[in-house]
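Colleague: Data: query.cif, mmCIF, C-alpha atoms.
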```cif
data_upload
loop_
_atom_site.label_atom_id
_atom_site.label_comp_id
_atom_site.auth_asym_id
_atom_site.auth_seq_id
_atom_site.Cartn_x
_atom_site.Cartn_y
_atom_site.Cartn_z
CA MET L 1 123.54 -113.64 244.23
CA ARG L 2 126.99 -114.70 242.99
CA LYS L 3 127.40 -115.53 239.33
CA ALA L 4 127.27 -119.15 238.30
CA GLN L 5 130.74 -119.07 236.76
CA HIS L 6 132.23 -118.48 240.20
CA ASN L 7 131.09 -121.85 241.43
CA LEU L 8 134.46 -123.48 240.89
CA ARG L 9 135.82 -121.42 243.73
CA ARG L 10 133.01 -122.37 246.05
CA MET L 11 132.29 -125.45 248.09
CA THR L 12 129.56 -126.36 245.66
CA ALA L 13 129.26 -129.96 246.75
CA ALA L 14 127.42 -129.69 250.04
CA ILE L 15 125.64 -131.95 252.41
CA ALA L 16 123.56 -133.44 249.63
CA ILE L 17 122.82 -136.63 251.50
CA ALA L 18 122.62 -139.80 249.46
CA THR L 19 120.54 -142.70 250.63
CA ALA L 20 121.84 -144.40 253.73
CA SER L 21 121.75 -147.80 252.08
CA ALA L 22 124.02 -146.64 249.28
CA LEU L 23 126.67 -145.32 251.62
CA ALA L 24 126.43 -147.31 254.82
CA LEU L 25 128.50 -150.18 253.49
CA SER L 26 130.93 -148.31 251.28
CA ALA L 27 131.86 -145.48 253.63
CA CYS L 28 132.44 -147.41 256.83
CA SER L 29 136.19 -147.09 256.51
CA VAL L 30 138.92 -145.69 254.35
CA THR L 31 141.16 -148.21 252.66
CA GLY L 32 143.61 -147.77 249.86
CA ALA L 33 146.16 -150.10 248.36
CA PRO L 34 149.75 -148.87 248.60
CA SER L 35 151.15 -147.64 245.33
CA SER L 36 153.60 -149.98 243.69
CA SER L 37 155.72 -147.07 242.54
CA GLY L 38 155.16 -144.23 244.98
CA GLY L 39 155.34 -146.14 248.25
CA ALA L 40 158.48 -146.67 250.29
CA GLY L 41 159.29 -148.62 253.39
CA ASP L 42 157.30 -151.36 255.09
CA ALA L 43 153.55 -150.73 255.16
CA ASP L 44 153.10 -152.57 258.47
CA SER L 45 156.12 -151.48 260.51
CA GLY L 46 158.53 -148.62 261.11
CA THR L 47 158.32 -145.14 262.57
CA ILE L 48 156.13 -142.27 261.38
CA ASN L 49 156.73 -138.67 262.40
CA ALA L 50 153.51 -136.69 262.04
CA LEU L 51 152.99 -132.92 262.27
CA PHE L 52 149.69 -131.56 263.60
CA MET L 53 148.39 -128.24 264.93
CA LYS L 54 147.50 -127.44 268.52
CA GLN L 55 144.33 -125.40 268.27
CA ALA L 56 140.86 -126.02 266.83
CA GLY L 57 139.55 -129.29 265.52
CA TYR L 58 140.86 -132.43 267.14
CA THR L 59 142.64 -131.96 270.45
CA GLU L 60 146.05 -133.40 271.24
CA ASP L 61 144.31 -136.00 273.39
CA ASN L 62 142.01 -136.88 270.47
CA VAL L 63 145.00 -137.46 268.18
CA LYS L 64 146.79 -139.55 270.77
CA GLU L 65 143.67 -141.68 271.18
CA MET L 66 143.54 -142.12 267.39
CA ILE L 67 147.14 -143.27 267.48
CA ASP L 68 146.26 -145.79 270.19
CA ASP L 69 143.41 -147.08 268.01
CA PHE L 70 145.76 -147.28 265.04
CA ASN L 71 148.31 -149.27 267.03
CA GLU L 72 145.71 -151.89 267.85
CA LYS L 73 145.65 -152.67 264.13
CA TYR L 74 149.28 -151.82 263.38
CA PRO L 75 151.25 -152.62 266.56
CA ASP L 76 154.59 -152.49 264.75
CA ILE L 77 154.22 -148.91 263.50
CA THR L 78 155.36 -146.22 265.93
CA VAL L 79 153.76 -142.80 265.44
CA ASN L 80 155.51 -139.76 266.91
CA PRO L 81 153.16 -136.74 266.84
CA THR L 82 154.38 -133.15 266.97
CA PHE L 83 151.93 -130.32 267.67
CA VAL L 84 152.54 -126.67 266.75
CA ALA L 85 150.36 -123.58 266.65
CA TYR L 86 148.50 -123.12 263.38
CA GLU L 87 150.48 -119.93 262.74
CA ALA L 88 153.71 -121.99 262.73
CA LEU L 89 152.40 -124.99 260.81
CA HIS L 90 152.97 -123.84 257.22
CA ASP L 91 156.54 -122.70 257.73
CA LYS L 92 157.36 -125.80 259.77
CA ILE L 93 156.25 -128.00 256.86
CA VAL L 94 158.24 -125.97 254.33
CA THR L 95 161.48 -125.75 256.32
CA ALA L 96 161.38 -129.44 257.30
CA ALA L 97 160.67 -130.65 253.77
CA PRO L 98 164.27 -130.95 252.46
CA SER L 99 165.40 -133.11 255.37
CA GLY L 100 162.36 -135.39 255.43
CA THR L 101 161.76 -134.70 259.13
CA TYR L 102 158.07 -135.55 258.90
CA ASP L 103 156.30 -138.36 257.10
CA VAL L 104 152.77 -137.00 257.59
CA VAL L 105 151.82 -133.32 257.55
CA LEU L 106 148.55 -131.53 258.23
CA MET L 107 147.59 -129.16 255.41
CA ASP L 108 145.14 -126.29 255.28
CA VAL L 109 142.91 -126.03 252.21
CA ILE L 110 145.00 -123.07 250.99
CA TRP L 111 148.32 -124.96 250.81
CA PRO L 112 148.08 -127.91 248.35
CA ALA L 113 148.71 -125.66 245.35
CA GLU L 114 151.99 -124.40 246.80
CA PHE L 115 153.06 -127.75 248.24
CA ALA L 116 152.32 -129.57 244.98
CA GLU L 117 154.19 -127.06 242.84
CA LYS L 118 157.20 -127.17 245.16
CA GLY L 119 157.18 -130.95 245.47
CA ILE L 120 156.73 -130.83 249.24
CA VAL L 121 153.96 -133.44 249.39
CA THR L 122 153.36 -136.63 247.44
CA ASP L 123 150.83 -137.08 244.66
CA VAL L 124 148.56 -139.84 246.00
CA THR L 125 146.04 -139.85 243.16
CA ASP L 126 146.81 -143.48 242.31
CA ARG L 127 146.06 -144.48 245.91
CA PHE L 128 142.87 -142.43 246.12
CA SER L 129 139.71 -144.54 245.91
CA ASP L 130 137.24 -143.44 243.23
CA LYS L 131 134.40 -144.13 245.70
CA TRP L 132 135.58 -141.35 247.97
CA ASN L 133 134.57 -138.73 245.39
CA ASP L 134 130.94 -139.71 246.03
CA GLU L 135 131.24 -140.59 249.70
CA MET L 136 133.06 -137.50 250.98
CA LEU L 137 131.78 -133.94 251.19
CA GLY L 138 132.89 -131.78 248.27
CA GLY L 139 134.14 -129.11 250.63
CA ALA L 140 136.42 -131.69 252.23
CA LEU L 141 137.64 -133.22 248.98
CA ILE L 142 138.85 -129.91 247.60
CA THR L 143 141.20 -129.63 250.60
CA ALA L 144 143.58 -132.20 249.13
CA GLU L 145 143.05 -131.49 245.43
CA TYR L 146 145.08 -129.44 242.97
CA LYS L 147 144.85 -129.55 239.18
CA ASP L 148 142.69 -132.68 239.28
CA LYS L 149 145.19 -134.59 241.39
CA PHE L 150 145.10 -135.47 245.07
CA TYR L 151 147.95 -134.65 247.42
CA GLY L 152 146.46 -136.05 250.60
CA VAL L 153 143.34 -137.35 252.26
CA PRO L 154 140.71 -134.97 253.72
CA TRP L 155 140.81 -135.16 257.50
CA TYR L 156 137.81 -132.98 258.24
CA PRO L 157 135.69 -130.18 256.79
CA SER L 158 135.58 -126.95 258.72
CA THR L 159 134.06 -123.50 258.78
CA LYS L 160 133.66 -120.74 261.29
CA LEU L 161 130.31 -120.71 263.08
CA PHE L 162 128.52 -117.92 264.94
CA TYR L 163 128.47 -118.22 268.73
CA TYR L 164 126.19 -116.15 270.92
CA ASN L 165 125.47 -115.89 274.62
CA LYS L 166 121.78 -116.73 274.87
CA ASP L 167 121.45 -115.30 278.39
CA MET L 168 122.86 -111.92 277.32
CA VAL L 169 120.59 -111.80 274.27
CA GLU L 170 117.55 -112.46 276.47
CA ARG L 171 118.62 -109.94 279.11
CA ALA L 172 118.88 -107.30 276.39
CA GLY L 173 115.25 -107.99 275.44
CA TYR L 174 115.87 -109.87 272.22
CA SER L 175 115.58 -113.40 270.87
CA GLU L 176 117.71 -115.63 268.69
CA ALA L 177 115.56 -114.63 265.70
CA ASP L 178 116.89 -111.07 266.07
CA ILE L 179 120.49 -112.08 265.38
CA GLU L 180 120.05 -113.97 262.12
CA THR L 181 121.44 -111.01 260.17
CA TRP L 182 124.59 -108.95 260.75
CA ASP L 183 122.44 -105.80 261.03
CA GLY L 184 120.46 -107.56 263.74
CA VAL L 185 123.65 -108.54 265.55
CA LEU L 186 124.76 -104.90 265.65
CA GLU L 187 121.36 -103.78 266.94
CA VAL L 188 121.41 -106.31 269.77
CA ALA L 189 125.06 -105.55 270.51
CA GLN L 190 124.27 -101.85 270.86
CA ALA L 191 121.42 -102.64 273.25
CA MET L 192 123.72 -104.81 275.36
CA LYS L 193 126.30 -102.06 275.54
CA ASP L 194 123.72 -99.38 276.36
CA GLN L 195 122.27 -101.55 279.14
CA GLY L 196 125.68 -102.31 280.62
CA ILE L 197 125.35 -106.05 280.04
CA VAL L 198 128.82 -106.29 278.45
CA ASP L 199 131.36 -103.61 277.56
CA TYR L 200 132.28 -105.00 274.15
CA PRO L 201 129.68 -107.42 272.80
CA LEU L 202 131.77 -108.59 269.82
CA ALA L 203 135.15 -110.33 269.85
CA TRP L 204 137.06 -111.32 266.71
CA SER L 205 140.33 -112.94 265.68
CA TRP L 206 141.65 -109.92 263.76
CA ALA L 207 145.35 -110.16 264.54
CA GLN L 208 147.60 -109.90 261.50
CA ALA L 209 147.38 -113.60 260.71
CA GLU L 210 145.38 -116.06 258.61
CA ALA L 211 142.66 -115.86 261.26
CA LEU L 212 141.88 -112.33 260.06
CA ILE L 213 141.52 -113.55 256.47
CA CYS L 214 139.04 -116.20 257.60
CA ASP L 215 136.83 -113.72 259.46
CA TYR L 216 137.00 -111.29 256.55
CA ALA L 217 136.14 -114.09 254.12
CA GLN L 218 132.83 -114.84 255.84
CA LEU L 219 131.88 -111.18 255.95
CA LEU L 220 132.99 -110.74 252.34
CA GLY L 221 130.70 -113.61 251.37
CA ALA L 222 127.83 -112.21 253.42
CA PHE L 223 128.13 -108.95 251.49
CA GLY L 224 127.99 -110.85 248.19
CA GLY L 225 131.67 -110.75 247.32
CA GLU L 226 134.48 -113.14 246.46
CA PHE L 227 138.24 -112.83 246.51
CA THR L 228 138.91 -113.26 242.79
CA ASN L 229 137.21 -112.92 239.44
CA ASP L 230 137.06 -115.50 236.66
CA ASP L 231 140.57 -114.52 235.53
CA GLY L 232 142.01 -115.21 238.97
CA GLU L 233 142.57 -111.54 239.75
CA LEU L 234 141.90 -110.19 243.21
CA VAL L 235 138.76 -108.01 243.32
CA ILE L 236 138.27 -107.26 247.00
CA ASN L 237 138.50 -103.53 246.26
CA GLU L 238 135.11 -103.71 244.58
CA GLU L 239 131.96 -102.74 246.49
CA PRO L 240 131.33 -105.97 248.46
CA GLY L 241 134.92 -106.20 249.69
CA VAL L 242 135.00 -102.58 250.78
CA GLN L 243 131.56 -102.82 252.40
CA ALA L 244 132.66 -105.80 254.48
CA LEU L 245 135.80 -104.02 255.68
CA THR L 246 133.86 -100.82 256.39
CA TRP L 247 131.42 -102.85 258.50
CA MET L 248 134.34 -104.28 260.48
CA LYS L 249 135.91 -100.85 261.07
CA ASN L 250 132.60 -99.27 262.07
CA SER L 251 132.02 -101.97 264.68
CA ILE L 252 135.30 -100.93 266.33
CA ASP L 253 134.57 -97.22 266.07
CA ASP L 254 131.11 -97.71 267.58
CA GLY L 255 132.57 -99.52 270.59
CA LEU L 256 130.79 -102.77 269.78
CA THR L 257 133.89 -104.77 268.88
CA ASN L 258 136.54 -105.28 271.54
CA PRO L 259 139.47 -103.11 270.36
CA ASN L 260 141.86 -105.89 271.41
CA SER L 261 140.40 -107.94 268.57
CA THR L 262 143.17 -106.57 266.35
CA THR L 263 145.60 -108.60 268.50
CA PHE L 264 143.36 -111.65 269.05
CA LEU L 265 143.71 -115.10 267.52
CA GLU L 266 140.97 -117.72 267.80
CA ASP L 267 142.09 -118.95 271.21
CA ASP L 268 141.90 -115.38 272.56
CA VAL L 269 138.36 -115.04 271.24
CA ASN L 270 137.48 -118.36 272.81
CA LYS L 271 138.77 -117.23 276.21
CA THR L 272 136.93 -113.92 275.94
CA MET L 273 133.63 -115.69 275.26
CA ALA L 274 134.32 -118.30 277.95
CA SER L 275 134.91 -115.61 280.58
CA GLY L 276 131.64 -113.84 279.77
CA GLN L 277 133.39 -110.77 278.32
CA ALA L 278 131.78 -111.11 274.89
CA ALA L 279 128.34 -112.02 273.62
CA PHE L 280 129.14 -112.79 269.97
CA SER L 281 131.99 -114.32 268.00
CA LEU L 282 132.96 -116.34 264.95
CA ASN L 283 135.02 -119.44 265.62
CA TRP L 284 135.60 -123.03 264.56
CA GLU L 285 133.35 -126.01 265.34
CA SER L 286 135.33 -127.13 268.40
CA THR L 287 134.49 -123.84 270.15
CA PHE L 288 131.09 -125.18 271.21
CA ARG L 289 132.84 -128.03 273.02
CA ASP L 290 135.18 -125.61 274.77
CA LEU L 291 132.49 -123.14 275.82
CA ASN L 292 130.63 -126.00 277.49
CA ASP L 293 133.66 -127.35 279.32
CA GLU L 294 133.31 -126.49 283.01
CA SER L 295 137.07 -126.62 283.51
CA ILE L 296 137.69 -123.66 281.19
CA SER L 297 134.36 -121.86 280.72
CA ASP L 298 132.16 -119.66 282.91
CA VAL L 299 129.29 -119.76 280.40
CA VAL L 300 128.48 -123.46 280.26
CA GLY L 301 124.95 -123.96 278.94
CA GLN L 302 124.57 -120.29 278.02
CA VAL L 303 125.95 -120.37 274.48
CA GLY L 304 124.11 -121.02 271.24
CA VAL L 305 125.60 -121.71 267.82
CA SER L 306 124.37 -121.05 264.30
CA ALA L 307 125.64 -120.53 260.79
CA THR L 308 127.12 -117.11 260.15
CA PRO L 309 124.46 -114.35 260.11
CA SER L 310 123.31 -113.22 256.69
CA GLY L 311 124.25 -110.07 254.85
CA PRO L 312 122.13 -107.56 252.92
CA ASP L 313 121.08 -110.07 250.23
CA GLY L 314 120.53 -113.00 252.58
CA GLU L 315 123.82 -114.75 251.88
CA ARG L 316 125.54 -116.53 254.76
CA PRO L 317 128.48 -118.59 253.48
CA GLY L 318 131.04 -120.20 255.69
CA VAL L 319 134.75 -119.99 254.99
CA ASN L 320 136.30 -123.23 253.81
CA GLY L 321 138.79 -124.10 256.57
CA ALA L 322 139.01 -127.82 255.82
CA MET L 323 142.20 -129.75 256.57
CA ALA L 324 143.89 -132.72 254.91
CA LEU L 325 146.73 -135.09 255.75
CA GLY L 326 149.53 -135.40 253.21
CA ILE L 327 152.61 -137.57 252.87
CA ALA L 328 155.86 -135.62 252.74
CA SER L 329 157.77 -136.21 249.51
CA LYS L 330 160.99 -137.05 251.38
CA SER L 331 159.31 -139.61 253.63
CA LYS L 332 161.01 -143.00 253.68
CA ASN L 333 157.89 -144.62 255.14
CA LYS L 334 155.23 -143.67 252.62
CA ASP L 335 153.28 -146.92 252.77
CA ALA L 336 153.11 -146.92 256.57
CA ALA L 337 152.22 -143.21 256.43
CA TRP L 338 149.39 -144.00 254.02
CA ASN L 339 148.03 -146.65 256.36
CA PHE L 340 148.09 -144.16 259.22
CA ILE L 341 146.44 -141.36 257.25
CA THR L 342 143.66 -143.52 255.90
CA PHE L 343 143.00 -145.04 259.32
CA ILE L 344 142.57 -141.76 261.20
CA SER L 345 140.58 -140.28 258.30
CA SER L 346 138.18 -143.21 258.19
CA GLN L 347 134.51 -142.66 258.87
CA SER L 348 134.44 -145.00 261.84
CA GLU L 349 137.37 -143.20 263.48
CA GLN L 350 136.11 -139.68 262.74
CA GLU L 351 132.70 -140.51 264.17
CA LYS L 352 134.28 -141.17 267.57
CA PHE L 353 135.29 -137.53 267.89
CA VAL L 354 132.36 -135.51 266.54
CA THR L 355 132.25 -133.27 269.62
CA SER L 356 135.61 -131.88 268.44
CA THR L 357 135.01 -131.66 264.71
CA LEU L 358 132.68 -133.12 262.12
CA PRO L 359 133.33 -135.99 259.70
CA SER L 360 134.24 -135.75 256.02
CA TRP L 361 131.70 -138.44 255.13
CA LYS L 362 128.25 -137.59 253.76
CA SER L 363 126.41 -140.49 255.36
CA SER L 364 127.50 -139.40 258.84
CA TYR L 365 125.12 -136.45 258.52
CA ASP L 366 122.20 -138.80 257.87
CA ASN L 367 122.89 -140.99 260.89
CA PRO L 368 120.89 -139.85 263.95
CA GLU L 369 123.11 -141.89 266.24
CA ILE L 370 126.01 -139.67 265.15
CA THR L 371 124.29 -136.29 264.81
CA LYS L 372 122.67 -136.55 268.24
CA THR L 373 126.11 -136.42 269.86
CA ASN L 374 126.59 -132.81 268.71
CA PRO L 375 123.25 -131.71 267.21
CA ASP L 376 123.69 -127.93 267.48
CA VAL L 377 127.01 -127.93 265.65
CA PHE L 378 125.86 -130.45 263.03
CA SER L 379 122.86 -128.26 262.25
CA ALA L 380 124.84 -125.02 262.04
CA ALA L 381 127.74 -126.48 260.09
CA GLN L 382 125.55 -127.95 257.35
CA VAL L 383 124.54 -124.43 256.33
CA GLY L 384 128.13 -123.20 256.25
CA TYR L 385 129.39 -126.26 254.40
CA ALA L 386 126.61 -125.96 251.84
CA ASP L 387 127.64 -122.47 250.73
CA GLY L 388 131.30 -121.82 251.42
CA ILE L 389 133.71 -119.17 250.22
CA LEU L 390 137.21 -120.21 249.22
CA ARG L 391 140.35 -118.22 249.69
CA PRO L 392 142.41 -117.97 246.46
CA GLN L 393 143.74 -121.41 245.43
CA VAL L 394 147.14 -120.29 244.13
CA PRO L 395 150.73 -121.53 244.64
CA ASN L 396 151.84 -118.18 246.10
CA TYR L 397 148.87 -117.88 248.45
CA SER L 398 151.02 -117.15 251.52
CA GLN L 399 152.39 -113.97 249.91
CA VAL L 400 148.93 -112.89 248.80
CA SER L 401 147.47 -113.55 252.24
CA GLN L 402 150.17 -111.53 253.98
CA ILE L 403 149.50 -108.57 251.69
CA ILE L 404 145.78 -108.69 252.43
CA GLN L 405 146.37 -109.11 256.18
CA VAL L 406 148.52 -105.97 256.30
CA GLU L 407 145.99 -103.88 254.42
CA LEU L 408 143.03 -105.14 256.42
CA GLN L 409 144.84 -104.12 259.57
CA ASN L 410 145.75 -100.75 258.08
CA ALA L 411 142.03 -100.08 257.71
CA LEU L 412 141.03 -101.53 261.10
CA LEU L 413 143.68 -99.43 262.86
CA GLY L 414 142.61 -96.29 261.01
CA LYS L 415 145.81 -95.89 259.01
CA LYS L 416 143.95 -96.03 255.69
CA SER L 417 140.37 -95.85 254.53
CA PRO L 418 138.81 -99.21 253.69
CA GLN L 419 138.76 -98.30 250.00
CA GLN L 420 142.42 -97.25 249.93
CA ALA L 421 143.48 -100.31 251.89
CA MET L 422 141.72 -102.66 249.49
CA ASP L 423 142.99 -100.77 246.43
CA ASP L 424 146.53 -101.16 247.74
CA ALA L 425 145.97 -104.82 248.59
CA VAL L 426 144.66 -105.58 245.11
CA ALA L 427 147.50 -103.74 243.36
CA ALA L 428 150.21 -105.50 245.36
CA ALA L 429 148.58 -108.94 245.38
CA ASN L 430 147.84 -108.96 241.65
CA ASP L 431 151.52 -108.19 240.98
CA VAL L 432 152.32 -111.37 242.94
CA LEU L 433 149.60 -113.41 241.23
CA ASN L 434 150.74 -112.31 237.80
CA GLY L 435 154.44 -112.49 238.56
#
```
Turn this file's structure into structure tokens for me.
Modeller:
Amino acid sequence: MRKAQHNLRRMTAAIAIATASALALSACSVTGAPSSSGGAGDADSGTINALFMKQAGYTEDNVKEMIDDFNEKYPDITVNPTFVAYEALHDKIVTAAPSGTYDVVLMDVIWPAEFAEKGIVTDVTDRFSDKWNDEMLGGALITAEYKDKFYGVPWYPSTKLFYYNKDMVERAGYSEADIETWDGVLEVAQAMKDQGIVDYPLAWSWAQAEALICDYAQLLGAFGGEFTNDDGELVINEEPGVQALTWMKNSIDDGLTNPNSTTFLEDDVNKTMASGQAAFSLNWESTFRDLNDESISDVVGQVGVSATPSGPDGERPGVNGAMALGIASKSKNKDAAWNFITFISSQSEQEKFVTSTLPSWKSSYDNPEITKTNPDVFSAAQVGYADGILRPQVPNYSQVSQIIQVELQNALLGKKSPQQAMDDAVAAANDVLNG
């Protein structure tokens, strides 16, 4: 079990549901008065340029529908959305910041520290309603927070869930109870391979990208580890971190993981599952929607979803992949941008799109009219949200992540042993953290 002093780096505030009567009235919508000092432009008119990502979470059509809803209330505000791949999102925000190209930007949980220190996004603490601290999930709130200040509004919580082909599991002679642990997953995967049910039962997003860090994070947590110690130093070269990486490498060597996983991103994993070429994968909440879409999936109705399987000590944390919407510091339309952000982050708006991703609001999880629209994902996500592992919350996270990505791949490709790879990652990353 992790030590109590590590809790600050964990999504400790979970789906602790308050009474419906206490939240039903207060969390119906998000509203916030424009700041008298930080706002700029007309709050009810003008043009907003907003930057979103293409994959996972809300679809482009979802966002455009949100914009249509917003324009019913604010007909004189024009919103121009731009969608880029997640892998391009960070750099797009950074390079566009000096010119003020975008008014609203979508931020991953790992970026507020950097963006705040560099002055890329606006401090919106004085706009942030005190009620939201009680009404929103803790794992969502932390997405927009840095040094006790808020630099955006949580748009949605997120974690990777475990997807499995129920038909393949049954054909192999097993049940869903047999894949509640990672050891069980490997046992069933080996049986599937031996029986010729599927060549490579496991598919992962292990390309040299942030996707690899997210998969590693959940396995690291399952093996009882964390990224950093209480002093903020990277410790993934200790036993849990090396065990997790060794597990990953062995699954490739044993022919259970598709070797192309080292080039896969999440969309590639999704397509592999949807075509029936994999039985197991980790992916974001919207995957369940996609795998049950007849237009893109050959396995409709065959896929189950659960929280990540547990490790040796029974731990099964999700990785905190929550996203927030921030206002770019150079925006000339900050008040209109705030109205847009708070509208599409509101509980009533988020609850329209729960088949894509889940709301940030606690009371949504206690409303059967909402949970019944996506019951399997709601059930699985609550476990992952309740016990999440955070990637290091540091201003130079991008450099640290790139170092870890390289060394993880060095081990997965057999260029280094898992121990050597993690030793090298820790040495290089701690130089950056302490620099």
Colleague: Write out as a PyMOL selection string the residues lying within 9 Å of Tyr216 (chain L), counting all atoms listed in the file and excluding same-chain residues fewer than 5 positions away.
Modeller: chain L and resi 206+211+221+241+244-245+248+408
Colleague: So which one's closest to Asn62 (chain L), L:Thr308, L:Ser297, L:Ser356, L:Ser205? Using all atoms listed in the file, please.
Modeller: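 Of L:Thr308, L:Ser297, L:Ser356, L:Ser205, the one nearest Asn62 (chain L) is L:Ser356, counting all atoms listed in the file.
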Colleague: Region 79-90 of chain L: which residues within 6 Å, counting all atoms listed in the file, same-chain residues fewer than 5 positions away excluded, as a list in words?
Modeller: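 Contacts, in chain order: Thr47, Ile48, Asn49, Ala50, Leu51, Phe52, Met53 and Lys54 of chain L.
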Colleague: CA of Asn396 (chain L) and CA of Lys147 (chain L), how far apart in Å?
Modeller: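 Result for CA of Lys147 (chain L) versus CA of Asn396 (chain L): 15.0 Å, one decimal.
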Colleague: Might you pull out every residue within 10 Å of Glu170 (chain L), with all atoms listed in the file counted and same-chain residues fewer than 5 positions away left off, and present them as a list in words?
Modeller: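 Residues near the query, excluding close chain neighbours: Asn165, Ser175, Glu176, Val188 and Met192 of chain L.
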Colleague: Using only C-alpha atoms, which of L:Arg289, L:Lys166, L:Arg171, L:Lys118 sits nearest Gln195 (chain L)?
Modeller: L:Arg171
Colleague: What is the CA of Tyr146 (chain L) to CA of Gln393 (chain L) distance in Å?
Modeller: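 Separating CA of Tyr146 (chain L) from CA of Gln393 (chain L) is a distance of 8.5 Å.
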Colleague: Pick the closest to Ser275 (chain L) from L:Asn250, L:Pro240, L:Ala203, L:Tyr397: which is it, counting all atoms listed in the file?
Modeller: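 Of L:Asn250, L:Pro240, L:Ala203, L:Tyr397, the one nearest Ser275 (chain L) is L:Ala203, counting all atoms listed in the file.
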Colleague: Run the PyMOL selection byres ((chain L and resi 380) around 12) mentally over the shown coordinates, then write out the matched residues as a VMD selection string, using the chain letters and numbers from the document.
Modeller: chain L and resid 15 158 to 163 284 to 285 288 304 to 309 316 to 318 358 365 371 374 to 379 381 to 387
Colleague: Starting from the PyMOL selection byres ((chain L and resi 419-425) around 12), expand the selection into actual residues of this file and give them as an MDAnalysis selection string.
Modeller: chainID L and resid 227 233:246 249 399:418 426:433
Colleague: Would you translate the PyMOL selection byres ((chain L and resi 99) around 12) into the concrete set of residues it matches in this file, as a PyMOL selection string?
Modeller: chain L and resi 92-98+100-103+120+328-332
Colleague: At the level of C-alpha atoms, write region 265-298 of chain L to a file as a PDB file, in the first residue's frame, please.
Modeller:
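In the end it all went to result-v5.pdb:
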```pdb
ATOM      1  CA  LEU L 265      -1.087   5.374 -30.359  1.00  0.00           C
ATOM      2  CA  GLU L 266      -4.544   5.090 -28.801  1.00  0.00           C
ATOM      3  CA  ASP L 267      -6.376   5.283 -32.122  1.00  0.00           C
ATOM      4  CA  ASP L 268      -4.282   2.380 -33.453  1.00  0.00           C
ATOM      5  CA  VAL L 269      -5.174   0.304 -30.402  1.00  0.00           C
ATOM      6  CA  ASN L 270      -8.816   1.196 -30.889  1.00  0.00           C
ATOM      7  CA  LYS L 271      -8.741   0.029 -34.514  1.00  0.00           C
ATOM      8  CA  THR L 272      -6.972  -3.196 -33.559  1.00  0.00           C
ATOM      9  CA  MET L 273      -9.639  -4.021 -30.983  1.00  0.00           C
ATOM     10  CA  ALA L 274     -12.441  -2.961 -33.341  1.00  0.00           C
ATOM     11  CA  SER L 275     -11.180  -5.284 -36.083  1.00  0.00           C
ATOM     12  CA  GLY L 276     -11.063  -8.279 -33.729  1.00  0.00           C
ATOM     13  CA  GLN L 277      -7.253  -8.485 -33.806  1.00  0.00           C
ATOM     14  CA  ALA L 278      -6.860  -8.013 -30.055  1.00  0.00           C
ATOM     15  CA  ALA L 279      -8.686  -9.247 -26.988  1.00  0.00           C
ATOM     16  CA  PHE L 280      -7.372  -6.808 -24.375  1.00  0.00           C
ATOM     17  CA  SER L 281      -6.349  -3.158 -24.220  1.00  0.00           C
ATOM     18  CA  LEU L 282      -6.159  -0.046 -22.074  1.00  0.00           C
ATOM     19  CA  ASN L 283      -7.837   3.032 -23.499  1.00  0.00           C
ATOM     20  CA  TRP L 284      -9.872   6.099 -22.628  1.00  0.00           C
ATOM     21  CA  GLU L 285     -13.583   6.172 -21.729  1.00  0.00           C
ATOM     22  CA  SER L 286     -14.761   7.021 -25.259  1.00  0.00           C
ATOM     23  CA  THR L 287     -13.372   3.693 -26.521  1.00  0.00           C
ATOM     24  CA  PHE L 288     -16.481   1.851 -25.354  1.00  0.00           C
ATOM     25  CA  ARG L 289     -18.583   4.117 -27.565  1.00  0.00           C
ATOM     26  CA  ASP L 290     -16.321   3.477 -30.545  1.00  0.00           C
ATOM     27  CA  LEU L 291     -16.161  -0.291 -30.116  1.00  0.00           C
ATOM     28  CA  ASN L 292     -19.954  -0.387 -30.179  1.00  0.00           C
ATOM     29  CA  ASP L 293     -20.295   1.787 -33.266  1.00  0.00           C
ATOM     30  CA  GLU L 294     -21.337  -0.430 -36.183  1.00  0.00           C
ATOM     31  CA  SER L 295     -19.833   1.979 -38.696  1.00  0.00           C
ATOM     32  CA  ILE L 296     -16.285   1.429 -37.408  1.00  0.00           C
ATOM     33  CA  SER L 297     -16.317  -1.756 -35.310  1.00  0.00           C
ATOM     34  CA  ASP L 298     -16.597  -5.476 -36.069  1.00  0.00           C
TER      35      ASP L 298
END
```
